[in-house]
Amino acid sequence: EAMLRLPAGGGEGENGGGDPIVEAATLHADARAVGVRLPAPLHVRLLDASLEAFGAVAPSPPQGGEPEVQQEQDGAEEPASAAGGGSSGGDEVSPEALAYLKVALQAAEGLARDGHLLGGSSAASVCSMAWLFWHLDALPEASRSQLLADVDCSLATSFLERDWSRALLVAIEDFGCHWGFSGKLPRGLFHALEASSAPQAVELVGLARQRL
């Protein structure tokens, strides 16, 4: 938590030039190495901070229209991704941006590994997972495949079948069980959803406005 409050360049880590997210990720990895189980808010704080940083440096995915379609071998068309901005091509994603998404995946894996995504998981945590899945679906296919191969994140990516809309719906339905939930929401997710004209995103924005 303290590392994430450092200004950029304020840290002294040899990896990442003092980037506070890199410094926090190093401590997060150290906790795993020595078997320390972290509380859910610490995992989520790193997850959200990493996704915010990714969004600041990554190219914006297409926001309007339906997901791209791809041809199956039998000639039938089906969506390439469930996300409003999903893509099998798209703009190149820089190594800097992918490094932040890698940290987000590691934080999400810690959240799952420490048992915080089992029965009774907080709605805010699930909402952050939805934001992660949204970004993963919006990556070019080659970048997504390489990223998932590079990071040990099988627990995180198996959560709700890595379906951002399903995760968000679970969070919305669980809203009434968590006092002060709205103030802990990852705002970037809702900015992305509001900018999308995909029917699924529009529907979930409407539900979120009613419940959250």
# chains A, B, ... in the order shown; residues from 1 in each chain; ligands from 1
call {"tool": "residues_around", "arguments": {"residues": "range 119-127 of chain A", "least_positions_apart": "2", "cutoff": "6 Å", "atoms": "only C-alpha atoms", "output": "PyMOL selection string"}}
result
chain A and resi 116-117+129-130+168+171+174+185
call {"tool": "atom_distance", "arguments": {"atom1": "CA of Arg211 in chain A", "atom2": "CA of His135 in chain A"}}
result
23.5 Å
call {"tool": "closest_residue", "arguments": {"among": "A:Leu47, A:Leu132, A:Ala104, A:Leu111", "to": "Ala192 in chain A", "atoms": "only C-alpha atoms"}}
result
A:Leu132
call {"tool": "atom_distance", "arguments": {"atom1": "CA of Glu109 in chain A", "atom2": "CA of Asp150 in chain A"}}
result
13.1 Å
call {"tool": "closest_residue", "arguments": {"among": "A:Ser128, A:Leu105, A:Leu27, A:Pro95", "to": "Ala167 in chain A", "atoms": "only C-alpha atoms"}}
result
A:Ser128
call {"tool": "atom_distance", "arguments": {"atom1": "CA of Gly188 in chain A", "atom2": "CA of Ala56 in chain A"}}
result
10.2 Å
call {"tool": "select_by_dssp", "arguments": {"residues": "range 87-199 of chain A", "states": "helix (DSSP H, G or I)", "output": "PyMOL selection string"}}
result
chain A and resi 95-113+123-138+141-150+154-162+164-173+175-177+182-184+187-195+199
call {"tool": "residues_around", "arguments": {"residues": "Ala49 in chain A", "least_positions_apart": "2", "cutoff": "9 Å", "atoms": "only C-alpha atoms", "output": "ChimeraX atom specification"}}
result
/A:4,21,44-47,51-54,100,104
call {"tool": "write_last_selection", "arguments": {"atoms": "N, CA, C and O atoms", "output": "compact mmCIF listing (two decimals), in the first residue's frame"}}
result
# COMPACT_ATOMS: atom_id res chain seq x y z
N LEU A 4 2.55 1.94 -3.41
CA LEU A 4 1.66 2.49 -4.43
C LEU A 4 1.43 3.98 -4.25
O LEU A 4 0.99 4.65 -5.19
N ILE A 21 4.29 0.84 -8.96
CA ILE A 21 3.57 -0.41 -9.19
C ILE A 21 4.54 -1.58 -9.23
O ILE A 21 4.28 -2.66 -8.68
N VAL A 44 -6.44 -6.40 -4.31
CA VAL A 44 -7.30 -5.60 -5.18
C VAL A 44 -6.69 -4.23 -5.44
O VAL A 44 -6.78 -3.70 -6.56
N ARG A 45 -6.04 -3.66 -4.43
CA ARG A 45 -5.40 -2.35 -4.62
C ARG A 45 -4.33 -2.42 -5.70
O ARG A 45 -4.24 -1.55 -6.56
N LEU A 46 -3.51 -3.46 -5.67
CA LEU A 46 -2.48 -3.63 -6.69
C LEU A 46 -3.11 -3.94 -8.05
O LEU A 46 -2.65 -3.43 -9.09
N LEU A 47 -4.13 -4.76 -8.05
CA LEU A 47 -4.83 -5.10 -9.29
C LEU A 47 -5.40 -3.85 -9.95
O LEU A 47 -5.17 -3.60 -11.15
N LEU A 51 -4.21 -1.93 -13.50
CA LEU A 51 -5.12 -1.75 -14.62
C LEU A 51 -5.27 -0.28 -15.00
O LEU A 51 -5.40 0.06 -16.18
N GLU A 52 -5.23 0.60 -14.00
CA GLU A 52 -5.26 2.03 -14.29
C GLU A 52 -4.02 2.44 -15.09
O GLU A 52 -4.10 3.21 -16.06
N ALA A 53 -2.86 1.93 -14.67
CA ALA A 53 -1.62 2.26 -15.37
C ALA A 53 -1.63 1.68 -16.79
O ALA A 53 -1.18 2.32 -17.74
N PHE A 54 -2.15 0.46 -16.93
CA PHE A 54 -2.25 -0.15 -18.26
C PHE A 54 -3.13 0.71 -19.17
O PHE A 54 -2.78 0.98 -20.32
N TYR A 100 2.33 -3.90 -17.12
CA TYR A 100 1.33 -3.55 -16.11
C TYR A 100 0.23 -4.61 -16.06
O TYR A 100 -0.27 -4.96 -14.98
N ALA A 104 -1.11 -7.03 -12.99
CA ALA A 104 -2.53 -7.20 -12.66
C ALA A 104 -2.90 -8.68 -12.57
O ALA A 104 -3.62 -9.10 -11.67
call {"tool": "closest_residue", "arguments": {"among": "A:Val93, A:Leu160, A:Leu155, A:Ala107", "to": "Ala138 in chain A", "atoms": "only C-alpha atoms"}}
result
A:Val93
call {"tool": "closest_residue", "arguments": {"among": "A:Ala99, A:Gly110, A:Leu189, A:Ser197", "to": "Gln146 in chain A", "atoms": "only C-alpha atoms"}}
result
A:Ala99
call {"tool": "closest_residue", "arguments": {"among": "A:Arg37, A:Arg162, A:Arg209, A:Arg144", "to": "Arg113 in chain A", "atoms": "only C-alpha atoms"}}
result
A:Arg37
